[in-house]
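K.L.:
Structure below; questions to follow.
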Amino acid sequence: MKYVDTNQIQKNMNSRLIKNNILKFIFFLATIFGLIVLAVLIIRVIMQGANWINMDFLTNKLSTSPDRAGIMGAILGTFWLMLVVIPVTLILGVGTAIYLELYAKKGRFQGFVQTNIANLAGVPSIVYGILGMTIFVRALNFGNVVLAGGLTMSLLVLPIIIVASQESIRAVPQHLSEASYGMGATKWQTVKNIILPAALPGILTGSILSLSRAIGETAPLVVIGIPALLIPFPGGIMDKFTVLPMQIYYWTIDSSLVEEYANLAAATIIILLVLLFLLNATAIFIRNKFQKRF
Amino acid sequence: ACGSDSEGDNKDNNEEESSENTGSEGDSDSEKVEGSVVIDGSGTVFPLMAKLAEEYMGEKPDVSVEVSRAGTSAGFEKFLAEDGTDFNDASRVIKDEEKAKAEELGMEIKELKVALDGLTIVTHPDNDWATELTEDQVKGIFLGEYTNWSDVNPEWPEEKIQTYGPNENHGTYEFFYENILEEQDLVSDINLQQDYSTLVTLVAEDKNAIGFFGFGYYDNNKDKVQAVGIDFGDGAVEPSLDTIAEDGDYAGYTRPVFTYLNVDNAKEKPQVLDYALYIMNNVNEFAGETGFAPIPEEEAKTLVSELEALK
Amino acid sequence: MSEEEATSEVAATTKQNVHKKIVYDTKDLNLWYGDTHALKDINLSIYEKEVTAIIGPSGCGKSTYLKTLNRMVELVPSVKTSGVITYKDKSILDKSFKVEDLRTKVGMVFQKPNPFPKSIYENIAYGPKIHGIRNKKILDEIVEKSLRGASIWEEVKDRLKENAYGLSGGQQQRICIARCLAIEPDVILMDEPTSALDPKSTLRVEELIQELKKDYSIVIVTHNMQQAARISDRTAFFLNGEVVEYDETDKIFTNPSDNRTEDYISGRFG
Amino acid sequence: MSEEEATSEVAATTKQNVHKKIVYDTKDLNLWYGDTHALKDINLSIYEKEVTAIIGPSGCGKSTYLKTLNRMVELVPSVKTSGVITYKDKSILDKSFKVEDLRTKVGMVFQKPNPFPKSIYENIAYGPKIHGIRNKKILDEIVEKSLRGASIWEEVKDRLKENAYGLSGGQQQRICIARCLAIEPDVILMDEPTSALDPKSTLRVEELIQELKKDYSIVIVTHNMQQAARISDRTAFFLNGEVVEYDETDKIFTNPSDNRTEDYISGRFG
Amino acid sequence: MALDNKIDNQDKPSIQDMIAKKKNGKNLTSITEKVIPVLLFLIAAVSIFTTIGIVYTLLIETIEFFKRVPVMDFFTGTALKPLSQNPEFGVLPLINGTIISSIIAMLVAGPIGIMTAVFLSEYASERVRRTLKPMLEILAGIPTIVYGFFAFTFVTPLIREVFPSVEATNILSPGLVMGVMIIPMIASLSEDAMTSVPNAMREGALALGATKLEVTFRVVIPAALSGIIASFVLGISRAIGETMIVTIASGSSKNFTFDITQSMQTMTAYIVEVSGGEAPAGSTIYYSLYAVAMTLFVFTLLMNLLARYVSRKFREEY
Ligand SMILES: Nc1ncnc2c1ncn2[C@@H]1O[C@H](COP(=O)(O)OP(=O)(O)OP(=O)(O)O)[C@@H](O)[C@H]1O
Ligand SMILES: Nc1ncnc2c1ncn2[C@@H]1O[C@H](COP(=O)(O)OP(=O)(O)OP(=O)(O)O)[C@@H](O)[C@H]1O
Ligand SMILES: [Mg+2]
Ligand SMILES: [Mg+2]
Ligand SMILES: O=P([O-])([O-])[O-]
């Protein structure tokens with residue numbers, strides 16, 4: 001008593017194989033769809049903005065007239081912003097990661113903090129903007145200066161840095177710290193001399209990637225309030241500032257006021273993308289260069 | 001410094017000298033002005049103010065003037081506050097409540113009339129029917145009395161009118177609501193926007209659009225939107241720098257625009273007063289290119305001398 | 001015959017112990033990993049300048065016992081102990097006893113060579129440095145002396161600045177031993193130090209251990225019966241967390257008192 | 001005596017092969033994983049309705065050969081083959097040959113039971129379903145028949161809707177066998193099917209294989225010499241990617257021609 | 001031993017002596033040992049303070065808002081006229097805009113993301129995967145403002161070229177672009193889920209004569225379902241929280257409509273609009289900022305918790 005009809009199976013086989021091949025092709029198309037959009041986006045931006053990039057554009061102050069406008073102010077603003085974000089997030093992020101991975105007793109509190117961090121990573125950036133506006137700009141009365149923006153951004157990227165640092169600390173083999181303890185080293189000596197140096201490449205990679213997130217973020221700064229026209233260069237963390245994404249934002253929405261602003265926005269996008277690309281390349285370089293040395 | 005002695009006798013040649021005046025001021029002035037000036041308020045006035053700020057900073061690089069454009073009403077809220085802004089641009093006169101608020105705070109404010117703006121009714125460039133409208137028709141459209149163009153005039157297309165305008169943060173909205181619609185509510189499905197540039201785009205992209213905003217935004221986008229000629233009773237008048245000028249034919253929809261100065265701040269911070277003087281000395285020079293009609297010279301001069309008196 | 005009898009018998013019958021000093025004395029040691037009772041009533045004395053081997057099947061508690069001797073076992077959070085271990089008459093399991101002090105006196109070498117991902121020099125200088133010795137000249141001397149002590153000086157003296165991970169497994173393990181020597185401990189604990197090495201490297205390390213015995217007391221865990229027989233003076237046989245038999249190595253390998261020991265040594269289980 | 005002679009001798013001397021049909025014929029098969037030469041000049045014939053056992057030390061290529069028979073080995077991207085395998089006179093290593101066809105005829109059972117994370121019923125019905133059998137009644141019958149065939153019907157008939165992962169390892173392995181049976185293959189390939197099972201489950205699977213032999217040709221890789229001796233009709237001994245000896249099981253285990261075979265069977269290496 | 005002698009001969013103290021001497025001055029070390037954990041604990045607590053900060057600020061001002069506007073009016077109102085003389089604060093237009101833009105985004109990102117994941121994990125060779133994956137990740141690293149610019153200046157005009165009835169600002173274009181932005185996230189999370197399905201499972205199916213497609217749809221995807229669902233939920237959460245793309249490309253009309261060719265406002269875009277107008281502290285519209293932000297926060301929080309729950313709860317045991 002045969003249930004399986006060999007001929008029938010033979011007949012089905014061809015259509016099944018054809019189906020398989022067609023869908024494989026569709027899956028492939030889906031995969032490159034994103035890349036095609038990416039290519040279109042980049043080509044489009046370059047075509048629109050590349051002509052506008054020259055030394056003057058990079059070094060000039062902001063101006064209402066397109067042919068005089070430059071983005072040095074926004075570049076410096078981004079720079080100052082990072083000067084706040086980098087130390088704050090590194091200290092807080094790596095500190096938290098060290099605490100959670102190496103000091104905290106694995107228990108309720110640790111689990112709670114961990115869940116909390118995971119949830120913070122999912123909070124929309126604009127909500128951080130509201131937090132920053134309420135606390136830094138208004139309650140602490142910093143005003144819409146670099147410090148307020150930087151602290152807001154720091155809180156925003158903190159969960160990312162924490163998780164990345166935790167992962168690279170976890171990746172340091174236990175036997176290294178055991179060797180250190182075996183020499184009579186105290187916990188902090190072991191952490192400082194052995195674990196952190198070994199985890200450093202991973203921490204750096206994670207940090208650079210989250211910094212590029214902070215560099216590209218716009219929404220929280222919109223909430224904090226960045227003036228539409230701010231010409232002088234920021235010179236410190238208590239100065240008002242604008243950053244590259246904000247400049248893109250204003251120029252994009254004002255493009256219906258002055259048409260060339262759209263080109264300026266595109267040119268600024270190129271600069272921003274190049275900056276982010278360099279950062280990511282650095283991160284990848286560090287990752288490849290220092291990965292798995294023990 | 002140069003102002004106080006020269007103002008009285010300089011009245012006639014003020015116009016020619018004004019720019020030199022400020023120029024020489026920078027050189028001769030021993031006390032260098034520096035610090036920051038914070039301006040917020042009208043989006044209509046923004047292009048003019050931004051231009052002035054930029055030019056000013058070219059001459060006085062140590063002063064930082066920042067200009068925002070939250071809208072007249074929103075701007076007043078930030079102006080009328082402890083540690084508020086130094087100037088508030090306004091496309092309407094200050095309201096009584098706002099004046100009361102200032103008194104409450106013990107704040108002295110000064111109204112500076114900077115230019116004249118014609119409220120412009122705009123349509124899509126392909127709109128070849130509603131090129132002229134009477135005041136009543138405008139009212140009817142924005143009050144929602146007409147649904148389709150054909151309701152206004154049977155010869156016009158039987159398509160739904162899409163209305164656009166700036167939102168309630170804006171003085172332009174309030175001017176329109178108070179002076180043109182006589183405080184009757186706007187049609188409920190009107191599309192109100194915070195950003196003027198978005199507004200321009202929307203009208204430029206919608207064949208059945210009709211919207212309103214300051215002349216400057218129309219002037220900069222003549223290729224994208226067209227202005228409707230308004231019939232105030234003596235035939236249609238198109239807004240232009242000439243017709244919106246003092247006593248021009250477009251007077252029905254023309255309004256003065258202002259910037260309000262926090263006098264206390266001006267007394268405390270030399271750079272604020274310095275900038276105020278710069279505005280009143282130079283505003284007429286830049287009014288035209290940013291889409292405003294200049295105010296009469298005398299008015300400007302009076303304001304300059306009043307400001308000088310604050311020194 | 002019970003183990004207790006066996007152990008006491010040992011103490012009574014071995015003559016040459018009389019003049020040997022005891023470094024470590026373990027009394028009724030019990031240890032739990034959470035609910036796992038990993039060490040049961042251990043009683044054991046480690047003698048000075050001897051090699052003591054610990055043998056037994058996998059999971060019998062050898063590593064656990066070794067790590068108890070320098071309290072490294074506490075790195076596992078769920079560990080609980082009872083009983084007493086004295087090191088040079090100080091009770092080391094007391095909470096008040098500073099583990100860092102203990103570990104400064106007691107070096108440890110691990111199963112898998114685990115140099116730090118630093119230069120060879122830095123590996124050796126690590127111990128002295130964390131203990132506050134900063135003088136460059138003294139450090140140089142310590143590094144040379146320790147590397148010589150671990151008989152690897154000749155092989156690495158020209159590449160002290162290179163990363164220790166560039167060395168072969170056997171060399172790495174000797175670096176780890178040299179790292180231990182750099183703080184001149186009294187005791188060296190070794191947990192299967194040759195199990196990750198090839199036969200030739202193993203031989204070198206075994207020779208080294210014989211050398212070191214002159215100056216240090218050594219406790220070595222090993223899976224390799226031959227190795228225990230070759231290099232140790234005394235051998236403890238662990239089974240299921242208990243010490244089945246502890247005696248001079250010759251005695252254990254030629255004439256064990258307990259037949260489980262005999263079974264294990266002759267390869268009948270484990 | 002060289003292997004070639006041994007093999008030809010086998011062919012000549014075993015009488016009962018004469019009427020047995022050959023299912024699989026392997027000629028000069030070579031296989032490389034990248035640069036690793038894993039199979040070398042394999043020549044082997046698999047006979048119908050017999051159990052053929054493949055034995056040999058770890059890494060000798062047993063699994064590789066088995067997986068070549070249904071071309072599963074191609075899942076490793078770096079694989080290259082040369083030589084010919086014919087299955088029922090069709091050359092299966094040709095690129096043009098449809099692997100899906102082949103695998104429909106040739107079932108496979110793996111070392112670790114790998115049921116799908118679905119219900120028992122769905123596990124068995126999976127094969128018929130993908131081959132286009134949708135009729136619920138027929139499927140029901142196939143499921144019952146296959147489960148009976150794998151002698152697990154009684155144990156699971158009341159819980160067909162439950163996840164297969166709720167079963168014990170031995171039961172899971174029989175589910176995997178049943179899953180094979182559901183598409184009524186000609187040949188069943190088994191790669192150490194009992195090595196993950198306890199002795200009792202192993203016995204049941206062995207009994208089952210004896211049963212299945214009546215209807216299917218079976219090739220089984222095993223580490224367990226006793227198992228090969230117990231259940232197979234014919235045994236191939238692999239060493240370093242070569243077939244050292246291939247003969248009737250009785251012959252191999254009582255009187256091997258090659259002394260490497262003898263060494264291996266008597267446990268002298270491997 | 002030779003070395004020992006060497007040092008002793010020169011009358012140098014032994015290393016242990018040196019260590020012992022140093023130890024006397026080593027109080028600092030023990031203080032550090034005590035202080036560091038406390039310090040690190042405080043630092044770790046920052047993440048908790050941040051959460052408390054967010055919840056506290058949102059809650060306090062939201063309560064204030066609900067003192068002025070009844071909760072029911074807020075959550076059931078279809079009219080949002082915050083600035084009008086007779087303001088109305090119905091949040092439904094915003095929720096509607098948020099949901100519609102998220103749905104559009106997920107209609108793009110869901111299928112394409114999962115197909116990408118299938119291709120990368122089941123079909124692509126190792127080399128192809130290693131080239132394509134990082135390239136896709138670039139897509140995830142592009143700032144949202146750039147996507148906004150792209151949606152506004154390229155995608156919208158393109159759509160209007162084909163469908164002239166679409167408005168210059170509409171929810172469709174930002175929704176689509178947002179979808180593209182989310183593709184890598186869904187692709188990479190789903191791919192992780194699929195690659196963690198043991199190969200034994202695939203081999204089992206292939207050995208029955210299944211094609212790759214059948215293996216994928218009948219074995220791999222069911223086994224990886226929890227991970228795939230979690231990736232979808234996280235994608236939705238991302239879409240809900242996305243701000244700049246919708247702000248730029250969808251305008252600020254507060255229509256309560258389901259017509260995707262029209263301008264709509266999302267919760268995030270509302271926050272941008274209101275704070276861009278610098279709503280004065282104390283006004284109802286200012287408090288509405290917090291009420292909307294709170295709604296947004298709760299939405300995304302629920303989504304994130306749901307994703308964690310799904311991926312933990314429904315993880316198949318294999
Ligand atoms: N970190 C740990 N947590 C829980 N139990 C552990 C831990 N480490 C070891 N054990 C248990 O304690 C017992 C003894 O382990 P130990 O590592 O001391 O054995 P061993 O004799 O060194 O074995 P091996 O020869 O395999 O190294 C074992 O049952 C082991 O499972
Ligand atoms: N995927 C692979 N890639 C590269 N080399 C492989 C791969 N699989 C197996 N090999 C190599 O091919 C040779 C034969 O392997 P195979 O798995 O066939 O051995 P086996 O006889 O089945 O061993 P075991 O009894 O351990 O299962 C071995 O040298 C192995 O290292
Ligand atoms: Mg051990
Ligand atoms: Mg195998
Ligand atoms: O922006 P306004 O000028 O309309 O207030």
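Every chain in the structure tokens has a letter given in the order shown (A, B, ...), and although residue numbers restart at 1 in each chain, ligands are simply numbered from 1 in the order shown.
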When you look at Ala269 (chain E) with a cut-off of 6 Å (counting only C-alpha atoms), what residues show up, excluding the ones that are within fewer than 3 positions of it in the same chain? I need them as a PyMOL selection string.

P.N.:
chain E and resi 243+247+265-266+272

K.L.:
For chain D, work out the contacting residues on chain E at 7 Å, counting only C-alpha atoms, and write them as a ChimeraX atom specification.

P.N.:
/E:200-201,204,207-211,219,223,316,318

K.L.:
Skip region 189-201 of chain A itself and residues of its chain fewer than 4 positions away, then list as a PyMOL selection string all residues within 9 Å of it, counting only C-alpha atoms.

P.N.:
(chain A and resi 98+102+165+167-173+176-178+180-181+185+205-206+283+286-287+289-291+293-294) or (chain C and resi 116-117+126+130) or (chain E and resi 29+33)

K.L.:
Pick the closest to ligand 1 from C:Lys90, C:Arg148, C:His223, C:Lys21: which is it, counting only C-alpha atoms and all ligand atoms?

P.N.:
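Smallest separation from ligand 1 among the options: C:His223.
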
K.L.:
Could you give me the residues within 9 Å of ligand 1, counting only C-alpha atoms and all ligand atoms, as an NGL selection string?

P.N.:
:C and (32-39 or 55-67 or 73 or 75-79 or 111 or 191-192 or 221-223 or 238-241)

K.L.:
Residues of the last selection are to be written out with C-alpha atoms, as a PDB file, in the first residue's frame.

P.N.:
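Here's the written file out_9.pdb:
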ATOM      1  CA  TRP C  32      29.554  24.277  48.447  1.00  0.00           C
ATOM      2  CA  TYR C  33      28.812  25.851  45.081  1.00  0.00           C
ATOM      3  CA  GLY C  34      25.241  26.785  45.828  1.00  0.00           C
ATOM      4  CA  ASP C  35      23.814  23.351  46.582  1.00  0.00           C
ATOM      5  CA  THR C  36      26.687  21.336  45.106  1.00  0.00           C
ATOM      6  CA  HIS C  37      28.805  19.962  47.895  1.00  0.00           C
ATOM      7  CA  ALA C  38      32.146  20.142  46.103  1.00  0.00           C
ATOM      8  CA  LEU C  39      34.585  19.518  48.971  1.00  0.00           C
ATOM      9  CA  ILE C  55      45.116  13.706  41.394  1.00  0.00           C
ATOM     10  CA  GLY C  56      41.623  12.385  40.836  1.00  0.00           C
ATOM     11  CA  PRO C  57      38.969  12.008  38.173  1.00  0.00           C
ATOM     12  CA  SER C  58      37.356  14.980  36.540  1.00  0.00           C
ATOM     13  CA  GLY C  59      34.990  16.922  38.759  1.00  0.00           C
ATOM     14  CA  CYS C  60      36.334  15.487  42.014  1.00  0.00           C
ATOM     15  CA  GLY C  61      37.214  18.926  43.364  1.00  0.00           C
ATOM     16  CA  LYS C  62      40.932  19.226  42.638  1.00  0.00           C
ATOM     17  CA  SER C  63      40.759  22.704  41.140  1.00  0.00           C
ATOM     18  CA  THR C  64      38.296  23.765  43.761  1.00  0.00           C
ATOM     19  CA  TYR C  65      40.643  22.766  46.554  1.00  0.00           C
ATOM     20  CA  LEU C  66      43.583  24.476  44.901  1.00  0.00           C
ATOM     21  CA  LYS C  67      41.615  27.668  44.428  1.00  0.00           C
ATOM     22  CA  VAL C  73      37.338  30.192  44.592  1.00  0.00           C
ATOM     23  CA  LEU C  75      35.226  34.677  42.579  1.00  0.00           C
ATOM     24  CA  VAL C  76      32.275  32.322  42.158  1.00  0.00           C
ATOM     25  CA  PRO C  77      29.557  34.238  43.961  1.00  0.00           C
ATOM     26  CA  SER C  78      27.608  31.257  45.284  1.00  0.00           C
ATOM     27  CA  VAL C  79      30.544  29.672  47.148  1.00  0.00           C
ATOM     28  CA  GLN C 111      45.670  25.311  33.114  1.00  0.00           C
ATOM     29  CA  ASP C 191      46.332  23.773  38.088  1.00  0.00           C
ATOM     30  CA  GLU C 192      47.169  21.275  35.356  1.00  0.00           C
ATOM     31  CA  VAL C 221      46.888  19.504  40.172  1.00  0.00           C
ATOM     32  CA  THR C 222      47.349  17.033  37.362  1.00  0.00           C
ATOM     33  CA  HIS C 223      45.396  14.581  35.300  1.00  0.00           C
ATOM     34  CA  PHE C 238      40.582  13.076  45.519  1.00  0.00           C
ATOM     35  CA  LEU C 239      37.307  11.390  44.717  1.00  0.00           C
ATOM     36  CA  ASN C 240      33.867  12.988  44.747  1.00  0.00           C
ATOM     37  CA  GLY C 241      35.099  15.894  46.823  1.00  0.00           C
TER      38      GLY C 241
END

K.L.:
If you measure from CA of Val220 (chain E) to CA of Ala117 (chain E), what distance in Å do you get, rounded to one decimal?

P.N.:
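Atom-to-atom, CA of Val220 (chain E) and CA of Ala117 (chain E) are spaced 11.4 Å apart.
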
K.L.:
As a compact mmCIF listing (two decimals) with C-alpha atoms, in the first residue's frame, please: the residues near region 245-255 of chain B (cut-off 9 Å, only C-alpha atoms, same-chain neighbours under 2 positions excluded).

P.N.:
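After the write, part_7.txt holds the following:
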# COMPACT_ATOMS: atom_id res chain seq x y z
CA SER B 91 3.50 91.68 12.59
CA ARG B 92 0.72 93.29 14.61
CA ALA B 115 8.41 98.57 7.94
CA LEU B 116 5.13 98.15 6.11
CA ASP B 117 3.87 94.80 4.95
CA GLY B 118 1.02 94.02 2.63
CA LEU B 119 -0.94 90.98 3.61
CA THR B 120 -0.96 89.04 0.40
CA GLU B 135 -12.70 92.12 0.06
CA PHE B 175 -4.19 90.45 11.85
CA PHE B 176 -6.19 88.46 9.36
CA ASN B 179 -8.88 93.13 10.78
CA ILE B 180 -10.01 91.24 7.72
CA ILE B 230 -7.80 92.86 -4.20
CA PHE B 232 -11.07 97.61 -2.20
CA VAL B 237 -4.91 96.32 -6.74
CA GLU B 238 -1.99 93.94 -6.78
CA PRO B 239 0.38 94.14 -3.86
CA SER B 240 3.80 95.49 -4.76
CA LEU B 241 6.44 97.49 -2.98
CA ASP B 242 4.75 100.62 -4.31
CA THR B 243 1.17 99.78 -3.51
CA VAL B 257 5.29 95.65 11.35
CA PHE B 292 8.75 95.39 2.81
CA ALA B 293 7.87 98.99 2.10
CA PRO B 294 9.94 101.47 4.03
CA ILE B 295 8.45 103.63 6.75
CA PRO B 296 8.52 107.39 6.27

K.L.:
In region 25-245 of chain E, what's alpha helix (DSSP H) per DSSP? Answer as a PyMOL selection string?

P.N.:
chain E and resi 27-68+71-76+92-118+126-141+144-150+156-162+172-195+199-206+212-215+221-223+225-241+244-245
